[in-house]
$ cat entry.txt   # compact mmCIF, C-alpha atoms and all ligand atoms
# COMPACT_ATOMS: atom_id res chain seq x y z
CA MET A 925 123.13 105.52 97.79
CA ASN A 926 122.13 101.90 97.51
CA GLU A 927 118.59 101.75 96.17
CA PHE A 928 118.09 98.06 96.92
CA VAL A 929 116.43 96.83 100.08
CA VAL A 930 117.74 93.34 99.37
CA GLU A 931 120.84 92.65 97.35
CA THR A 932 122.66 89.34 97.15
CA THR A 933 125.93 88.69 95.38
CA ASN A 934 126.65 85.19 94.09
CA LEU A 935 124.61 83.69 96.89
CA THR A 936 125.19 79.93 96.94
CA LYS A 937 123.96 77.07 99.10
CA LYS A 938 124.69 73.39 98.51
CA PHE A 939 123.23 70.30 100.13
CA LYS A 940 125.55 67.32 99.73
CA GLY A 941 126.54 68.16 96.18
CA ASN A 942 123.04 69.41 95.23
CA THR A 943 123.29 73.17 94.59
CA ALA A 944 119.95 74.50 95.86
CA VAL A 945 120.91 78.17 95.35
CA ASN A 946 123.52 78.86 92.70
CA GLN A 947 125.31 82.23 92.41
CA VAL A 948 122.09 84.17 92.85
CA ASN A 949 122.12 87.96 92.56
CA LEU A 950 118.80 89.21 93.87
CA GLN A 951 118.06 92.92 93.62
CA ILE A 952 114.88 94.11 95.31
CA ARG A 953 113.99 97.77 95.12
CA LYS A 954 112.38 99.74 97.92
CA GLY A 955 108.60 99.70 97.68
CA ALA A 956 108.52 96.76 95.28
CA ILE A 957 106.38 93.69 95.42
CA TYR A 958 109.04 91.28 94.27
CA GLY A 959 107.56 88.05 92.97
CA PHE A 960 110.03 85.24 93.50
CA LEU A 961 108.91 82.64 91.07
CA GLY A 962 110.05 79.10 90.40
CA PRO A 963 108.80 75.55 90.12
CA ASN A 964 108.75 73.35 93.20
CA GLY A 965 112.25 72.54 94.35
CA ALA A 966 113.80 75.45 92.41
CA GLY A 967 115.40 76.93 95.52
CA LYS A 968 112.96 79.64 96.66
CA THR A 969 112.59 78.51 100.27
CA THR A 970 116.32 77.92 100.62
CA ALA A 971 117.10 81.41 99.29
CA ILE A 972 114.52 82.92 101.64
CA LYS A 973 115.94 81.03 104.61
CA LEU A 974 119.39 82.38 103.73
CA LEU A 975 118.01 85.93 103.67
CA LEU A 976 116.42 85.42 107.07
CA GLY A 977 119.58 83.94 108.56
CA LEU A 978 117.78 80.63 109.20
CA MET A 979 120.45 78.86 107.15
CA LYS A 980 124.03 79.72 106.43
CA GLU A 981 125.19 80.28 102.87
CA ASP A 982 128.23 78.42 101.51
CA SER A 983 129.40 81.49 99.66
CA GLY A 984 128.25 84.87 98.46
CA MET A 985 127.00 87.95 100.22
CA ILE A 986 123.68 89.28 101.45
CA ARG A 987 122.96 92.96 101.98
CA ILE A 988 119.62 94.02 103.45
CA PHE A 989 118.84 97.72 103.96
CA GLY A 990 122.38 98.27 102.71
CA LYS A 991 123.85 96.36 105.68
CA ASP A 992 125.98 93.25 105.58
CA ALA A 993 123.71 90.45 106.85
CA LYS A 994 126.64 88.61 108.41
CA LYS A 995 127.70 91.56 110.52
CA GLU A 996 124.38 93.18 111.36
CA LYS A 997 121.96 90.28 111.51
CA LEU A 998 119.93 91.45 114.51
CA ALA A 999 119.64 95.06 113.38
CA ILE A 1000 118.35 93.78 110.04
CA LEU A 1001 115.95 91.17 111.40
CA ARG A 1002 114.33 93.72 113.69
CA ARG A 1003 113.06 95.42 110.53
CA VAL A 1004 111.95 92.25 108.72
CA GLY A 1005 108.66 90.41 109.06
CA SER A 1006 108.32 86.94 107.62
CA LEU A 1007 106.01 84.05 106.98
CA VAL A 1008 107.90 80.92 106.01
CA GLU A 1009 106.08 77.61 105.81
CA SER A 1010 102.80 77.18 107.71
CA PRO A 1011 102.63 79.43 110.74
CA SER A 1012 102.04 77.70 114.06
CA TYR A 1013 99.64 79.00 116.70
CA TYR A 1014 98.16 78.07 120.02
CA GLY A 1015 94.83 76.71 118.79
CA ASN A 1016 93.00 77.27 122.06
CA LEU A 1017 94.01 80.92 122.19
CA THR A 1018 92.25 83.62 120.22
CA ALA A 1019 93.86 85.58 117.38
CA THR A 1020 94.40 88.52 119.74
CA GLU A 1021 95.92 86.31 122.45
CA ASN A 1022 98.30 84.70 119.97
CA LEU A 1023 99.39 88.13 118.77
CA LYS A 1024 99.78 89.33 122.37
CA LEU A 1025 102.45 86.71 122.98
CA LEU A 1026 104.39 88.04 120.03
CA GLN A 1027 103.71 91.67 120.91
CA SER A 1028 105.36 91.30 124.30
CA ILE A 1029 108.43 89.73 122.68
CA LEU A 1030 108.66 92.43 120.02
CA GLN A 1031 107.83 95.13 122.57
CA VAL A 1032 105.50 97.02 120.29
CA PRO A 1033 102.48 98.93 121.67
CA LYS A 1034 99.35 96.84 122.39
CA GLU A 1035 97.35 98.96 119.92
CA ARG A 1036 99.41 97.48 117.12
CA ILE A 1037 97.50 94.18 117.55
CA LYS A 1038 94.23 95.84 116.54
CA GLU A 1039 95.94 97.62 113.67
CA VAL A 1040 97.41 94.46 112.14
CA LEU A 1041 94.17 92.52 112.61
CA SER A 1042 92.42 95.29 110.75
CA ILE A 1043 95.02 95.28 107.94
CA VAL A 1044 94.38 91.55 107.36
CA ARG A 1045 90.63 92.00 107.93
CA LEU A 1046 90.38 89.70 110.92
CA GLU A 1047 88.84 92.20 113.38
CA GLU A 1048 85.63 90.23 113.64
CA ALA A 1049 87.44 86.98 114.36
CA ALA A 1050 89.83 88.64 116.81
CA ASN A 1051 88.35 86.96 119.88
CA ARG A 1052 87.73 83.52 118.46
CA PRO A 1053 90.03 80.56 119.15
CA VAL A 1054 92.39 80.03 116.25
CA LYS A 1055 91.62 76.30 116.03
CA GLY A 1056 88.31 77.20 114.36
CA PHE A 1057 89.99 79.32 111.67
CA SER A 1058 90.05 78.34 108.00
CA LEU A 1059 93.42 77.92 106.32
CA GLY A 1060 93.00 81.33 104.67
CA MET A 1061 92.29 82.98 108.03
CA LYS A 1062 95.36 81.30 109.52
CA GLN A 1063 97.48 82.61 106.66
CA ARG A 1064 96.09 86.10 107.21
CA LEU A 1065 96.89 85.81 110.88
CA GLY A 1066 100.40 84.76 109.83
CA ILE A 1067 100.70 87.95 107.79
CA ALA A 1068 99.34 89.94 110.75
CA SER A 1069 102.09 88.41 112.93
CA ALA A 1070 104.69 89.28 110.33
CA LEU A 1071 103.43 92.88 110.23
CA LEU A 1072 103.25 93.30 114.00
CA GLY A 1073 106.74 94.73 114.37
CA ASN A 1074 106.16 97.41 111.69
CA PRO A 1075 108.65 95.82 109.29
CA ASP A 1076 110.24 97.64 106.39
CA LEU A 1077 110.60 94.33 104.56
CA LEU A 1078 108.05 91.56 104.51
CA ILE A 1079 109.08 88.11 103.28
CA LEU A 1080 106.28 85.68 102.45
CA ASP A 1081 107.09 82.17 101.29
CA GLU A 1082 104.22 80.75 99.20
CA PRO A 1083 101.53 82.51 101.28
CA THR A 1084 98.71 81.20 99.11
CA ASN A 1085 99.78 77.55 99.08
CA GLY A 1086 96.84 75.28 99.80
CA LEU A 1087 94.23 78.05 99.75
CA ASP A 1088 91.02 77.94 97.75
CA PRO A 1089 90.48 80.53 94.98
CA SER A 1090 88.72 83.05 97.22
CA GLY A 1091 91.45 82.67 99.86
CA ILE A 1092 94.07 83.25 97.17
CA ILE A 1093 92.33 86.44 96.02
CA GLU A 1094 92.08 87.73 99.60
CA ILE A 1095 95.78 87.24 100.28
CA ARG A 1096 96.71 88.72 96.91
CA GLU A 1097 94.60 91.83 97.44
CA LEU A 1098 96.03 92.20 100.92
CA ILE A 1099 99.63 91.99 99.69
CA LYS A 1100 99.02 94.42 96.82
CA GLN A 1101 98.10 97.30 99.10
CA LEU A 1102 101.01 96.92 101.52
CA PRO A 1103 103.78 98.95 99.82
CA GLU A 1104 101.60 101.93 99.09
CA LYS A 1105 99.65 102.01 102.34
CA TYR A 1106 102.33 100.99 104.79
CA GLY A 1107 105.63 101.61 103.00
CA VAL A 1108 106.63 97.95 103.17
CA THR A 1109 108.77 96.26 100.53
CA VAL A 1110 107.46 92.76 99.89
CA LEU A 1111 109.21 89.60 98.74
CA VAL A 1112 106.62 86.97 97.93
CA SER A 1113 107.41 83.55 96.52
CA SER A 1114 105.15 81.37 94.41
CA HIS A 1115 105.31 78.58 91.89
CA LEU A 1116 102.36 80.07 90.01
CA LEU A 1117 103.11 82.66 87.38
CA SER A 1118 99.48 83.79 87.19
CA GLU A 1119 99.61 84.72 90.84
CA ILE A 1120 102.84 86.69 90.57
CA ASP A 1121 101.55 88.33 87.39
CA GLN A 1122 98.59 89.68 89.33
CA MET A 1123 100.44 91.22 92.24
CA ALA A 1124 104.16 91.72 91.60
CA THR A 1125 105.86 94.84 90.29
CA GLU A 1126 109.15 92.99 89.85
CA VAL A 1127 109.88 89.38 89.13
CA GLY A 1128 112.78 87.05 89.78
CA ILE A 1129 112.55 83.60 88.22
CA ILE A 1130 114.62 80.85 89.75
CA SER A 1131 115.10 77.46 88.14
CA LYS A 1132 117.30 74.67 89.44
CA GLY A 1133 118.94 77.10 91.84
CA SER A 1134 119.83 79.77 89.27
CA LEU A 1135 118.15 83.13 88.80
CA ILE A 1136 117.26 83.05 85.11
CA PHE A 1137 115.25 86.28 84.90
CA GLN A 1138 115.00 89.43 86.99
CA ASP A 1139 113.26 92.58 85.88
CA SER A 1140 110.00 94.46 86.09
CA ILE A 1141 106.76 92.60 85.38
CA GLU A 1142 106.30 94.83 82.30
CA VAL A 1143 109.53 93.54 80.79
CA LEU A 1144 108.35 89.98 81.37
CA ARG A 1145 104.97 90.81 79.84
CA LYS A 1146 106.63 92.37 76.78
CA LYS A 1147 108.24 89.02 76.08
CA SER A 1148 104.79 87.69 75.48
CA VAL A 1149 104.20 89.95 72.47
CA ASN A 1150 104.81 87.65 69.65
CA LYS A 1151 103.00 87.52 66.35
CA ILE A 1152 101.19 90.07 64.23
CA LYS A 1153 98.49 88.59 62.01
CA ILE A 1154 97.22 90.55 59.05
CA LYS A 1155 94.12 89.59 57.09
CA THR A 1156 93.78 91.09 53.61
CA GLU A 1157 91.51 90.61 50.62
CA ASN A 1158 94.23 88.63 48.81
CA GLU A 1159 96.89 87.04 51.00
CA GLY A 1160 98.90 85.64 48.05
CA TYR A 1161 99.28 89.00 46.34
CA ALA A 1162 99.79 90.79 49.65
CA ARG A 1163 102.61 88.43 50.57
CA LYS A 1164 104.28 88.98 47.20
CA VAL A 1165 104.10 92.77 47.54
CA LEU A 1166 105.51 92.61 51.05
CA GLN A 1167 108.28 90.18 50.14
CA GLU A 1168 109.49 92.50 47.39
CA LYS A 1169 110.13 95.07 50.13
CA GLY A 1170 111.82 92.57 52.40
CA TRP A 1171 108.94 91.78 54.74
CA MET A 1172 109.00 88.02 55.05
CA GLY A 1173 105.63 86.94 56.37
CA GLU A 1174 104.14 83.48 56.54
CA VAL A 1175 100.75 82.74 55.03
CA GLU A 1176 98.58 80.93 57.54
CA GLY A 1177 95.11 80.28 56.15
CA GLU A 1178 93.74 83.67 55.18
CA THR A 1179 96.27 85.66 57.16
CA ILE A 1180 99.91 86.65 56.86
CA THR A 1181 101.85 86.33 60.08
CA PHE A 1182 104.91 88.29 61.18
CA ASN A 1183 107.06 87.57 64.19
CA LYS A 1184 107.79 90.27 66.75
CA SER A 1185 107.05 93.47 64.84
CA THR A 1186 107.35 96.93 66.30
CA ASP A 1187 104.49 99.42 65.98
CA ASN A 1188 106.41 101.25 63.26
CA GLU A 1189 106.96 98.07 61.31
CA VAL A 1190 103.29 97.20 61.47
CA ALA A 1191 102.42 100.71 60.28
CA ALA A 1192 104.86 100.37 57.34
CA ILE A 1193 103.41 97.00 56.35
CA VAL A 1194 99.84 98.31 56.39
CA ARG A 1195 100.86 101.43 54.44
CA LEU A 1196 102.51 99.32 51.76
CA LEU A 1197 99.43 97.13 51.38
CA VAL A 1198 97.14 100.13 51.12
CA GLN A 1199 99.45 101.77 48.55
CA HIS A 1200 98.97 98.65 46.44
CA ASN A 1201 95.21 98.90 46.81
CA ILE A 1202 95.04 95.75 48.88
CA ALA A 1203 92.23 96.03 51.40
CA VAL A 1204 93.37 95.30 54.95
CA TYR A 1205 90.55 93.66 56.87
CA ARG A 1206 92.22 93.02 60.18
CA VAL A 1207 95.52 93.47 62.09
CA GLU A 1208 95.77 91.31 65.18
CA GLU A 1209 98.42 90.70 67.77
CA GLU A 1210 98.69 87.14 68.98
CA LYS A 1211 100.21 86.95 72.43
CA ARG A 1212 102.14 84.02 73.69
CA SER A 1213 100.90 83.42 77.17
CA LEU A 1214 103.20 84.32 80.04
CA GLU A 1215 102.67 80.78 81.24
CA SER A 1216 104.24 79.35 78.09
CA ILE A 1217 107.20 81.73 78.43
CA PHE A 1218 107.68 80.66 82.02
CA LEU A 1219 107.55 77.01 81.01
CA GLU A 1220 110.06 77.59 78.26
CA MET A 1221 112.36 79.40 80.67
CA THR A 1222 112.20 76.82 83.41
CA LYS A 1223 111.48 73.68 81.38
CA GLU A 1224 109.84 72.13 84.40
CA GLU A 1225 106.42 71.55 82.98
CA GLN A 1226 105.51 68.68 85.27
CA SER A 1227 105.59 70.82 88.38
CA LEU A 1228 103.21 73.44 87.02
N1 LIG B 1301 117.54 70.84 104.41
C1 LIG B 1301 117.77 70.33 103.20
N2 LIG B 1301 118.59 69.25 103.03
C2 LIG B 1301 118.84 68.75 101.81
N3 LIG B 1301 118.31 69.23 100.67
C3 LIG B 1301 117.47 70.28 100.77
C4 LIG B 1301 117.15 70.89 102.04
N4 LIG B 1301 116.30 71.92 101.81
C5 LIG B 1301 116.09 71.96 100.48
N5 LIG B 1301 116.78 70.98 99.85
C6 LIG B 1301 116.83 70.75 98.39
O1 LIG B 1301 117.17 71.97 97.76
C7 LIG B 1301 116.42 72.17 96.57
C8 LIG B 1301 115.64 73.45 96.65
O2 LIG B 1301 114.59 73.34 97.61
P1 LIG B 1301 113.68 74.52 98.08
O3 LIG B 1301 112.79 74.03 99.16
O4 LIG B 1301 114.51 75.71 98.35
O5 LIG B 1301 112.83 74.80 96.77
P2 LIG B 1301 111.53 75.67 96.58
O6 LIG B 1301 111.72 76.41 95.32
O7 LIG B 1301 111.23 76.45 97.79
O8 LIG B 1301 110.42 74.59 96.35
P3 LIG B 1301 109.10 74.29 97.17
O9 LIG B 1301 108.12 75.27 96.68
O10 LIG B 1301 108.80 72.88 96.75
O11 LIG B 1301 109.45 74.42 98.61
C9 LIG B 1301 115.55 70.93 96.42
O12 LIG B 1301 116.24 70.04 95.57
C10 LIG B 1301 115.47 70.38 97.82
O13 LIG B 1301 115.31 68.98 97.79
$ encode --input "entry.txt" --output "structure tokens" --more "lines below"
Ligand SMILES: Nc1ncnc2c1ncn2[C@@H]1O[C@H](COP(=O)(O)OP(=O)(O)OP(=O)(O)O)[C@@H](O)[C@H]1O
Amino acid sequence: MNEFVVETTNLTKKFKGNTAVNQVNLQIRKGAIYGFLGPNGAGKTTAIKLLLGLMKEDSGMIRIFGKDAKKEKLAILRRVGSLVESPSYYGNLTATENLKLLQSILQVPKERIKEVLSIVRLEEAANRPVKGFSLGMKQRLGIASALLGNPDLLILDEPTNGLDPSGIIEIRELIKQLPEKYGVTVLVSSHLLSEIDQMATEVGIISKGSLIFQDSIEVLRKKSVNKIKIKTENEGYARKVLQEKGWMGEVEGETITFNKSTDNEVAAIVRLLVQHNIAVYRVEEEKRSLESIFLEMTKEEQSL
């Protein structure tokens, strides 16, 4: 059994010699919120358009729900909801009226309109013309449209782009509840690590068209564990004692610093110090921020 809702193999798309998506192997598990992260121009939108059949790949393969996207495009797309670039609406029509147009195309029951408006918390604005909506409300209506057909996979391209902080939080909280409450797998792209960090269960990082990281958010977070700092009553003596046993720490001010130590190593270091009657005042872990790891990985600082 294939456990991936989305799986691409060496997916590649070139624009006149510029490789926008380069041999990308996406693997998105059922029930995941997959954060697709990359600086501007990294290839996120292009990859998403390939998944949605809005663009044709040059080479590689796409499987969605275990089906070959080339052969079963319609069967797949019937189960996919998406929000790519700013959604367009009839401004003079209300939220409900806009959704009605879509509902008749998708042939879902009328009641579904109320349901999706409630999911995105737009019930109260349901009968107001969309032209008076804030950007955040329009984005939520876009997500409501994407959810209308009861999709198994929801693809959202930079859904928080251009929103103010409270709008960003609203969209994030909305996305977070979708897999558990409605059984949807979500692919959400962003150029902001902090945003992905707060909602994704899995992360794919794309840089210059190539997927340079793909794993759970925990694995990414673990990369941020970096230094252990130990403060003792006598850092010079402590360092000497530790060095004799092969622990090569650096003295920084009043502390000795070790790179990437496991819990057991830290315990052994502290034990050794105590055995030598050196008082240990403090053991601290200094985390490299995820942001700095992301920057290192993508080396595209100017776009962040
Ligand atoms: N239709 C197109 N014709 C030519 N080049 C394109 C086209 N669409 C995208 N590109 C190029 O492909 C690369 C990837 O763009 P893409 O829009 O996929 O990136 P992105 O990660 O989604 O960034 P952004 O967040 O800025 O949209 C860029 O260099 C872009 O200029």
$ residues_near_ligand --input "entry.txt" --ligand "ligand LIG 1301 (chain B)" --cutoff "6 Å" --atoms "all atoms listed in the file" --output "PDB file with C-alpha atoms, keeping the file's coordinate frame"
ATOM      1  CA  PHE A 939     123.230  70.300 100.130  1.00  0.00           C
ATOM      2  CA  ALA A 944     119.950  74.500  95.860  1.00  0.00           C
ATOM      3  CA  GLY A 962     110.050  79.100  90.400  1.00  0.00           C
ATOM      4  CA  ASN A 964     108.750  73.350  93.200  1.00  0.00           C
ATOM      5  CA  GLY A 965     112.250  72.540  94.350  1.00  0.00           C
ATOM      6  CA  ALA A 966     113.800  75.450  92.410  1.00  0.00           C
ATOM      7  CA  GLY A 967     115.400  76.930  95.520  1.00  0.00           C
ATOM      8  CA  LYS A 968     112.960  79.640  96.660  1.00  0.00           C
ATOM      9  CA  THR A 969     112.590  78.510 100.270  1.00  0.00           C
ATOM     10  CA  THR A 970     116.320  77.920 100.620  1.00  0.00           C
TER      11      THR A 970
END
$ closest_residue --input "entry.txt" --among "A:Ala1191, A:Leu1219, A:Val1044, A:Val948" --to "A:Leu1102" --atoms "only C-alpha atoms"
A:Val1044
$ residues_around --input "entry.txt" --residues "A:Lys973" --least-positions-apart "6" --cutoff "9 Å" --atoms "only C-alpha atoms" --output "PyMOL selection string"
chain A and resi 979-980+1008
$ closest_residue --input "entry.txt" --among "A:Met1172, A:Ile1095, A:Ile972, A:Ile1152" --to "A:Thr1186" --atoms "all atoms listed in the file"
A:Ile1152
$ closest_residue --input "entry.txt" --among "A:Ser1028, A:Ala971, A:His1200, A:Phe928" --to "A:Thr943" --atoms "only C-alpha atoms"
A:Ala971
$ residues_around --input "entry.txt" --residues "A:Arg1195" --least-positions-apart "5" --cutoff "12 Å" --atoms "only C-alpha atoms" --output "ChimeraX atom specification"
/A:1162,1165-1166,1188-1190,1200-1204
$ atom_distance --input "entry.txt" --atom1 "atom CA of A:Gly1073" --atom2 "atom CA of A:Ile986"
22.0 Å
$ residues_around --input "entry.txt" --residues "A:Glu1159" --least-positions-apart "2" --cutoff "8 Å" --atoms "all atoms listed in the file" --output "PyMOL selection string"
chain A and resi 1155-1157+1161-1163+1175+1178-1180
$ residues_around --input "entry.txt" --residues "stretch 1087-1093 of chain A" --least-positions-apart "5" --cutoff "10 Å" --atoms "only C-alpha atoms" --output "VMD selection string"
chain A and resid 1058 to 1061 1063 to 1064 1098 to 1099 1119 1122
$ closest_residue --input "entry.txt" --among "A:Ile1136, A:Leu1017, A:Leu1025, A:Ile1000" --to "A:Pro1075" --atoms "all atoms listed in the file"
A:Ile1000
$ residues_near_point --input "entry.txt" --point "(87.2, 92.1, 119.6)" --cutoff "10 Å" --atoms "all atoms listed in the file" --output "list in words"
Thr1018, Ala1019, Thr1020, Lys1038, Leu1041, Leu1046, Glu1047, Glu1048, Ala1049, Ala1050, Asn1051 and Arg1052 of chain A
$ closest_residue --input "entry.txt" --among "A:Lys937, A:Arg1003, A:Lys994, A:Arg987" --to "A:Val1108" --atoms "all atoms listed in the file"
A:Arg1003
$ atom_distance --input "entry.txt" --atom1 "atom CA of A:Glu996" --atom2 "atom CA of A:Val945"
22.2 Å
$ atom_distance --input "entry.txt" --atom1 "atom CA of A:Gln951" --atom2 "atom CA of A:Arg1096"
22.0 Å
$ closest_residue --input "entry.txt" --among "A:Pro963, A:Gly955, A:Gly1066, A:Gly1160" --to "A:Ser1113" --atoms "all atoms listed in the file"
A:Pro963
$ residues_around --input "entry.txt" --residues "A:Leu1144" --least-positions-apart "4" --cutoff "9 Å" --atoms "only C-alpha atoms" --output "PDB file with C-alpha atoms, keeping the file's coordinate frame"
ATOM      1  CA  VAL A1127     109.880  89.380  89.130  1.00  0.00           C
ATOM      2  CA  PHE A1137     115.250  86.280  84.900  1.00  0.00           C
ATOM      3  CA  GLN A1138     115.000  89.430  86.990  1.00  0.00           C
ATOM      4  CA  ASP A1139     113.260  92.580  85.880  1.00  0.00           C
ATOM      5  CA  SER A1140     110.000  94.460  86.090  1.00  0.00           C
ATOM      6  CA  SER A1148     104.790  87.690  75.480  1.00  0.00           C
ATOM      7  CA  LEU A1214     103.200  84.320  80.040  1.00  0.00           C
ATOM      8  CA  ILE A1217     107.200  81.730  78.430  1.00  0.00           C
TER       9      ILE A1217
END
$ axis_aligned_box --input "entry.txt" --around "stretch 1102-1119 of chain A" --padding-each-side "8 Å" --output "JSON"
{"center_x": 104.3, "center_y": 90.3, "center_z": 96.0, "size_x": 25.7, "size_y": 39.4, "size_z": 33.6}
$ build_atoms --input "entry.txt" --residues "stretch 1091-1117 of chain A" --atoms "N, CA and C atoms" --output "PDB file, keeping the file's coordinate frame"
ATOM      1  N   GLY A1091      90.360  82.407  98.909  1.00  0.00           N
ATOM      2  CA  GLY A1091      91.450  82.670  99.860  1.00  0.00           C
ATOM      3  C   GLY A1091      92.652  83.264  99.156  1.00  0.00           C
ATOM      4  N   ILE A1092      92.930  82.758  97.956  1.00  0.00           N
ATOM      5  CA  ILE A1092      94.070  83.250  97.170  1.00  0.00           C
ATOM      6  C   ILE A1092      93.852  84.727  96.817  1.00  0.00           C
ATOM      7  N   ILE A1093      92.624  85.045  96.397  1.00  0.00           N
ATOM      8  CA  ILE A1093      92.330  86.440  96.020  1.00  0.00           C
ATOM      9  C   ILE A1093      92.488  87.358  97.232  1.00  0.00           C
ATOM     10  N   GLU A1094      91.975  86.916  98.376  1.00  0.00           N
ATOM     11  CA  GLU A1094      92.080  87.730  99.600  1.00  0.00           C
ATOM     12  C   GLU A1094      93.522  88.067  99.942  1.00  0.00           C
ATOM     13  N   ILE A1095      94.370  87.030  99.921  1.00  0.00           N
ATOM     14  CA  ILE A1095      95.780  87.240 100.280  1.00  0.00           C
ATOM     15  C   ILE A1095      96.444  88.148  99.242  1.00  0.00           C
ATOM     16  N   ARG A1096      96.113  87.920  97.978  1.00  0.00           N
ATOM     17  CA  ARG A1096      96.710  88.720  96.910  1.00  0.00           C
ATOM     18  C   ARG A1096      96.326  90.205  97.055  1.00  0.00           C
ATOM     19  N   GLU A1097      95.048  90.451  97.295  1.00  0.00           N
ATOM     20  CA  GLU A1097      94.600  91.830  97.440  1.00  0.00           C
ATOM     21  C   GLU A1097      95.237  92.498  98.656  1.00  0.00           C
ATOM     22  N   LEU A1098      95.396  91.695  99.702  1.00  0.00           N
ATOM     23  CA  LEU A1098      96.030  92.200 100.920  1.00  0.00           C
ATOM     24  C   LEU A1098      97.489  92.599 100.643  1.00  0.00           C
ATOM     25  N   ILE A1099      98.214  91.720  99.965  1.00  0.00           N
ATOM     26  CA  ILE A1099      99.630  91.990  99.690  1.00  0.00           C
ATOM     27  C   ILE A1099      99.782  93.226  98.791  1.00  0.00           C
ATOM     28  N   LYS A1100      98.888  93.329  97.792  1.00  0.00           N
ATOM     29  CA  LYS A1100      99.020  94.420  96.820  1.00  0.00           C
ATOM     30  C   LYS A1100      98.991  95.811  97.428  1.00  0.00           C
ATOM     31  N   GLN A1101      98.244  95.953  98.538  1.00  0.00           N
ATOM     32  CA  GLN A1101      98.100  97.300  99.100  1.00  0.00           C
ATOM     33  C   GLN A1101      99.234  97.645 100.076  1.00  0.00           C
ATOM     34  N   LEU A1102     100.049  96.675 100.438  1.00  0.00           N
ATOM     35  CA  LEU A1102     101.010  96.920 101.520  1.00  0.00           C
ATOM     36  C   LEU A1102     102.073  97.986 101.220  1.00  0.00           C
ATOM     37  N   PRO A1103     102.738  97.943 100.046  1.00  0.00           N
ATOM     38  CA  PRO A1103     103.780  98.950  99.820  1.00  0.00           C
ATOM     39  C   PRO A1103     103.237 100.368  99.858  1.00  0.00           C
ATOM     40  N   GLU A1104     102.125 100.583  99.180  1.00  0.00           N
ATOM     41  CA  GLU A1104     101.600 101.930  99.090  1.00  0.00           C
ATOM     42  C   GLU A1104     101.064 102.441 100.428  1.00  0.00           C
ATOM     43  N   LYS A1105     100.295 101.577 101.097  1.00  0.00           N
ATOM     44  CA  LYS A1105      99.650 102.010 102.340  1.00  0.00           C
ATOM     45  C   LYS A1105     100.599 102.059 103.523  1.00  0.00           C
ATOM     46  N   TYR A1106     101.521 101.098 103.570  1.00  0.00           N
ATOM     47  CA  TYR A1106     102.330 100.990 104.790  1.00  0.00           C
ATOM     48  C   TYR A1106     103.837 101.106 104.541  1.00  0.00           C
ATOM     49  N   GLY A1107     104.211 101.392 103.298  1.00  0.00           N
ATOM     50  CA  GLY A1107     105.630 101.610 103.000  1.00  0.00           C
ATOM     51  C   GLY A1107     106.494 100.366 103.114  1.00  0.00           C
ATOM     52  N   VAL A1108     105.867  99.195 103.019  1.00  0.00           N
ATOM     53  CA  VAL A1108     106.630  97.950 103.170  1.00  0.00           C
ATOM     54  C   VAL A1108     107.105  97.471 101.791  1.00  0.00           C
ATOM     55  N   THR A1109     108.309  96.949 101.738  1.00  0.00           N
ATOM     56  CA  THR A1109     108.770  96.260 100.530  1.00  0.00           C
ATOM     57  C   THR A1109     108.444  94.783 100.748  1.00  0.00           C
ATOM     58  N   VAL A1110     107.921  94.140  99.703  1.00  0.00           N
ATOM     59  CA  VAL A1110     107.460  92.760  99.890  1.00  0.00           C
ATOM     60  C   VAL A1110     108.208  91.806  98.958  1.00  0.00           C
ATOM     61  N   LEU A1111     108.681  90.719  99.539  1.00  0.00           N
ATOM     62  CA  LEU A1111     109.210  89.600  98.740  1.00  0.00           C
ATOM     63  C   LEU A1111     108.240  88.463  98.921  1.00  0.00           C
ATOM     64  N   VAL A1112     107.619  88.037  97.817  1.00  0.00           N
ATOM     65  CA  VAL A1112     106.620  86.970  97.930  1.00  0.00           C
ATOM     66  C   VAL A1112     106.973  85.865  96.932  1.00  0.00           C
ATOM     67  N   SER A1113     107.052  84.626  97.431  1.00  0.00           N
ATOM     68  CA  SER A1113     107.410  83.550  96.520  1.00  0.00           C
ATOM     69  C   SER A1113     106.167  82.787  96.092  1.00  0.00           C
ATOM     70  N   SER A1114     106.267  82.177  94.920  1.00  0.00           N
ATOM     71  CA  SER A1114     105.150  81.370  94.410  1.00  0.00           C
ATOM     72  C   SER A1114     105.662  80.479  93.293  1.00  0.00           C
ATOM     73  N   HIS A1115     104.958  79.374  93.074  1.00  0.00           N
ATOM     74  CA  HIS A1115     105.310  78.580  91.890  1.00  0.00           C
ATOM     75  C   HIS A1115     104.304  78.841  90.770  1.00  0.00           C
ATOM     76  N   LEU A1116     103.387  79.782  91.009  1.00  0.00           N
ATOM     77  CA  LEU A1116     102.360  80.070  90.010  1.00  0.00           C
ATOM     78  C   LEU A1116     102.574  81.431  89.365  1.00  0.00           C
ATOM     79  N   LEU A1117     102.863  81.416  88.088  1.00  0.00           N
ATOM     80  CA  LEU A1117     103.110  82.660  87.380  1.00  0.00           C
ATOM     81  C   LEU A1117     101.877  83.572  87.414  1.00  0.00           C
TER      82      LEU A1117
END
